[in-house]
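Since the structure comes first, as structure tokens, the remarks are kept for the end.
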Amino acid sequence: VTVAGVDLGGSKIAGVLLDDQGAVLAQVWREHHSRGPESALALIEEVVAELADPDRPAVQAVGVSVAGWLPADRQELLTAANLGIARLPLARLLADRLGCPVWLENDGNATALAEYTRGAGRGAQVLALFTLGTGVGGALVADGSVVAGRHGLAGELGHLPVDRAGPRCTCGARGCLEMAASGPAIAARARRLASRVAGAPLVALAGGQASQITARHVVAAAQAGDELSRQVLAQAGRAVGRAVAMTMAVADPDLVVLGGSVAVAAGPLILDPARQEVARNHPLLTMARAVPIVLAQAGPAAAALGAADLARDRHDRARS
Ligand SMILES: [Zn+2]
């Protein structure tokens, strides 16, 4: 079957069209400022329409990955703070609009499935994934299946409490990993620190305005050797390391994959401090050192690919 996968993130949307064999026929990517249910539905519909070119085979099922909390039955979007959505029966509404079955998955889980099937996670028995982007996503895959939990909330690793003195998170708790290692959190810390330093290279990179600094600027400045930027990324990396140590105590993964645009761009600038923090924090040190933490490999469309694979899998199962 020909399937489409769409990944709706807080600031970008990606779509892929896959053939029978899972090969990519077409890809769509764009930034967006969509807020609210109607705008999100229209955006997803637009991307699927763009993928479903009349010259290509018709789309028979659609998988949608979304940065939000879904219940265990994956029919409804309970909350997506970054998209301004709460309690939306997204699967049904999209199926009506698109005229084919639609399956939803949380973006962390969709990304983890893509890493497991096509990326850095191939061969892992228990895979833990962290994605650093607009938010911090996470997922656990055991023996090839997403660990969803009773309420569909297992693997929400972005909400592990890594810093009890940290800022209040969108989830209501304090000091979540998301508040320490997401792109906006990294940018906010860099703005605060850089605005206190006369002639900070990071400010120059952001066009002379500390308020315009983004995580992308921080990564670029760090790669050019800016110490302040390196420190900001190292701090995010250490927060990831504390979360990885917690995850190891709970789920005992044999592989940890670090993905998301921020982490993949920063590479060792986040990865190395994360590894050092795990080695420092984990009580079972010898085991801790044996668990590799590696960068994601399925690319920026990973969540869309995972959602598309999931749609094929569910579609095949529904027919057999
Ligand atoms: Zn939180």
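Scheme for the structure tokens: letters A, B, ... for chains in order shown; per-chain residue numbers from 1; ligand numbers from 1 in order shown.
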
Report task. Mind checking which residues fall within 8 Å of A:Ala308, counting only C-alpha atoms, ignoring those fewer than 4 positions away in the same chain, and posting them as a PyMOL selection string? Result -> chain A and resi 3-6+16-18+62-64+304+312

Report task. Can you tell me which residues come within 7 Å of ligand 1 when counting only C-alpha atoms and all ligand atoms, ideally as a ChimeraX atom specification? Result -> /A:158-159,169-174,176,178

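Interatomic distance, atom CA of A:Gly123 to atom CA of A:Ala142: 10.8 Å.
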
Report task. Show which residues sit within 8 Å of A:Ser229, as a list in words. Count only C-alpha atoms, and ignore same-chain residues fewer than 3 positions away. Result ->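 My list of contacting residues is Ala190, Leu202, Val218, Val219, Ala221, Ala222, Asp226, Val232 and Leu233 of chain A.
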
Write the selection just made, keeping all heavy atoms, as a compact mmCIF listing (two decimals), in the first residue's frame?
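To be explicit, this is the file written out as again_9.txt:
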```
# COMPACT_ATOMS: atom_id res chain seq x y z
N ALA A 190 21.12 31.21 26.77
CA ALA A 190 22.17 31.92 26.04
C ALA A 190 21.89 33.43 26.00
O ALA A 190 22.80 34.24 26.16
CB ALA A 190 22.28 31.36 24.62
N LEU A 202 28.29 35.68 20.23
CA LEU A 202 26.96 35.11 20.00
C LEU A 202 25.95 36.20 19.64
O LEU A 202 25.08 36.01 18.78
CB LEU A 202 26.52 34.37 21.28
CG LEU A 202 25.21 33.62 21.25
CD1 LEU A 202 25.16 32.64 20.10
CD2 LEU A 202 25.01 32.89 22.57
N VAL A 218 23.42 29.44 18.86
CA VAL A 218 24.26 28.92 19.94
C VAL A 218 25.14 27.79 19.41
O VAL A 218 26.34 27.74 19.69
CB VAL A 218 23.40 28.43 21.14
CG1 VAL A 218 24.28 27.88 22.25
CG2 VAL A 218 22.51 29.55 21.67
N VAL A 219 24.55 26.89 18.62
CA VAL A 219 25.32 25.78 18.07
C VAL A 219 26.41 26.30 17.12
O VAL A 219 27.57 25.88 17.21
CB VAL A 219 24.40 24.77 17.34
CG1 VAL A 219 25.21 23.72 16.60
CG2 VAL A 219 23.46 24.10 18.34
N ALA A 221 27.86 29.28 17.05
CA ALA A 221 28.90 29.99 17.80
C ALA A 221 29.77 29.00 18.56
O ALA A 221 31.00 29.14 18.59
CB ALA A 221 28.26 30.99 18.77
N ALA A 222 29.16 27.98 19.15
CA ALA A 222 29.93 26.97 19.89
C ALA A 222 30.89 26.25 18.96
O ALA A 222 32.04 26.00 19.30
CB ALA A 222 28.99 25.98 20.56
N ASP A 226 33.16 29.61 20.52
CA ASP A 226 32.68 30.54 21.56
C ASP A 226 32.44 29.80 22.87
O ASP A 226 31.60 28.88 22.94
CB ASP A 226 31.39 31.22 21.08
CG ASP A 226 30.83 32.15 22.14
OD1 ASP A 226 31.61 32.90 22.75
OD2 ASP A 226 29.60 32.10 22.37
N VAL A 232 26.76 26.70 27.47
CA VAL A 232 25.29 26.56 27.42
C VAL A 232 24.90 25.17 26.91
O VAL A 232 24.03 24.50 27.48
CB VAL A 232 24.66 27.68 26.54
CG1 VAL A 232 23.19 27.39 26.26
CG2 VAL A 232 24.83 29.04 27.21
N LEU A 233 25.57 24.72 25.85
CA LEU A 233 25.26 23.39 25.30
C LEU A 233 25.69 22.28 26.25
O LEU A 233 25.00 21.27 26.39
CB LEU A 233 25.94 23.21 23.93
CG LEU A 233 25.41 24.11 22.82
CD1 LEU A 233 26.18 23.88 21.53
CD2 LEU A 233 23.91 23.90 22.58
```

Report task. Identify all residues of stretch 34-94 of chain A in alpha helix (DSSP H) (DSSP on the backbone) and supply them as an MDAnalysis selection string. Result -> chainID A and resid 37:51 90:94

Requested in this report: Might you pull out every residue within 10 Å of A:Arg150, with only C-alpha atoms counted and same-chain residues fewer than 5 positions away left off, and present them as a list of chain:residue names?
Outcome: A:Pro71, A:Ala72, A:Asp73

Give me, as a short mmCIF file (atom, residue, chain, number, x, y, z; two decimals) with C-alpha atoms, in the first residue's frame, all polymer residues having an atom no more than 7 Å from A:Gln60, counting only C-alpha atoms and skipping those fewer than 3 positions away in the same chain.
```cif
data_model
loop_
_atom_site.label_atom_id
_atom_site.label_comp_id
_atom_site.auth_asym_id
_atom_site.auth_seq_id
_atom_site.Cartn_x
_atom_site.Cartn_y
_atom_site.Cartn_z
CA VAL A 1 0.00 0.00 0.00
CA THR A 2 1.04 3.60 -0.54
CA VAL A 3 1.09 5.47 2.74
CA CYS A 100 -8.74 7.24 4.33
#
```

Query raised in the report: Hey, what does DSSP flag as strand (DSSP E or B) within stretch 134-175 of chain A? Can you give it to me as number ranges by chain?
Result: A: 136-142, 145-146, 161, 168, 174

Only N, CA, C and O atoms, please: the residues just picked out, written as a CSV table (one decimal), in the first residue's frame.
```csv
chain,number,residue,atom,x,y,z
A,136,VAL,N,11.1,18.7,24.3
A,136,VAL,CA,12.0,17.5,24.4
A,136,VAL,C,11.1,16.3,24.4
A,136,VAL,O,10.3,16.1,25.3
A,137,GLY,N,11.2,15.5,23.3
A,137,GLY,CA,10.4,14.3,23.2
A,137,GLY,C,11.2,13.1,23.7
A,137,GLY,O,12.4,13.2,23.9
A,138,GLY,N,10.5,12.0,23.9
A,138,GLY,CA,11.2,10.8,24.4
A,138,GLY,C,10.4,9.6,24.0
A,138,GLY,O,9.2,9.7,23.6
A,139,ALA,N,11.0,8.4,24.1
A,139,ALA,CA,10.3,7.2,23.8
A,139,ALA,C,11.1,6.0,24.2
A,139,ALA,O,12.3,6.1,24.3
A,140,LEU,N,10.4,4.9,24.5
A,140,LEU,CA,11.0,3.6,24.8
A,140,LEU,C,10.5,2.6,23.8
A,140,LEU,O,9.2,2.5,23.6
A,141,VAL,N,11.4,1.9,23.1
A,141,VAL,CA,10.9,0.8,22.2
A,141,VAL,C,11.5,-0.5,22.8
A,141,VAL,O,12.8,-0.5,23.0
A,142,ALA,N,10.7,-1.5,23.1
A,142,ALA,CA,11.2,-2.7,23.5
A,142,ALA,C,10.8,-3.8,22.6
A,142,ALA,O,9.6,-3.9,22.2
A,145,SER,N,8.5,-2.8,19.7
A,145,SER,CA,7.2,-2.1,20.0
A,145,SER,C,7.4,-0.9,20.9
A,145,SER,O,8.2,-1.0,21.9
A,146,VAL,N,6.6,0.1,20.7
A,146,VAL,CA,6.6,1.3,21.6
A,146,VAL,C,6.0,0.9,22.9
A,146,VAL,O,5.0,0.2,22.9
A,161,PRO,N,12.3,14.9,35.9
A,161,PRO,CA,12.7,16.1,36.7
A,161,PRO,C,14.2,16.1,37.0
A,161,PRO,O,14.7,15.5,37.9
A,168,ARG,N,9.4,26.4,35.9
A,168,ARG,CA,8.1,25.7,35.7
A,168,ARG,C,8.0,25.3,34.3
A,168,ARG,O,8.2,26.1,33.4
A,174,ARG,N,8.1,21.2,37.9
A,174,ARG,CA,9.2,22.1,37.9
A,174,ARG,C,10.5,21.3,37.5
A,174,ARG,O,10.7,20.2,37.9
```

Query raised in the report: Nearest to A:Val240: which of A:Asn281, A:Gln125, A:Thr134, A:Ser11 is it, counting only C-alpha atoms?
Result: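 Nearest candidate to A:Val240 out of A:Asn281, A:Gln125, A:Thr134, A:Ser11: A:Asn281.
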
Query raised in the report: Hey, can you check how far atom CA of A:Thr117 sits from atom CA of A:Val294?
Result: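 Taking atom CA of A:Thr117 and atom CA of A:Val294, their separation equals 15.6 Å.
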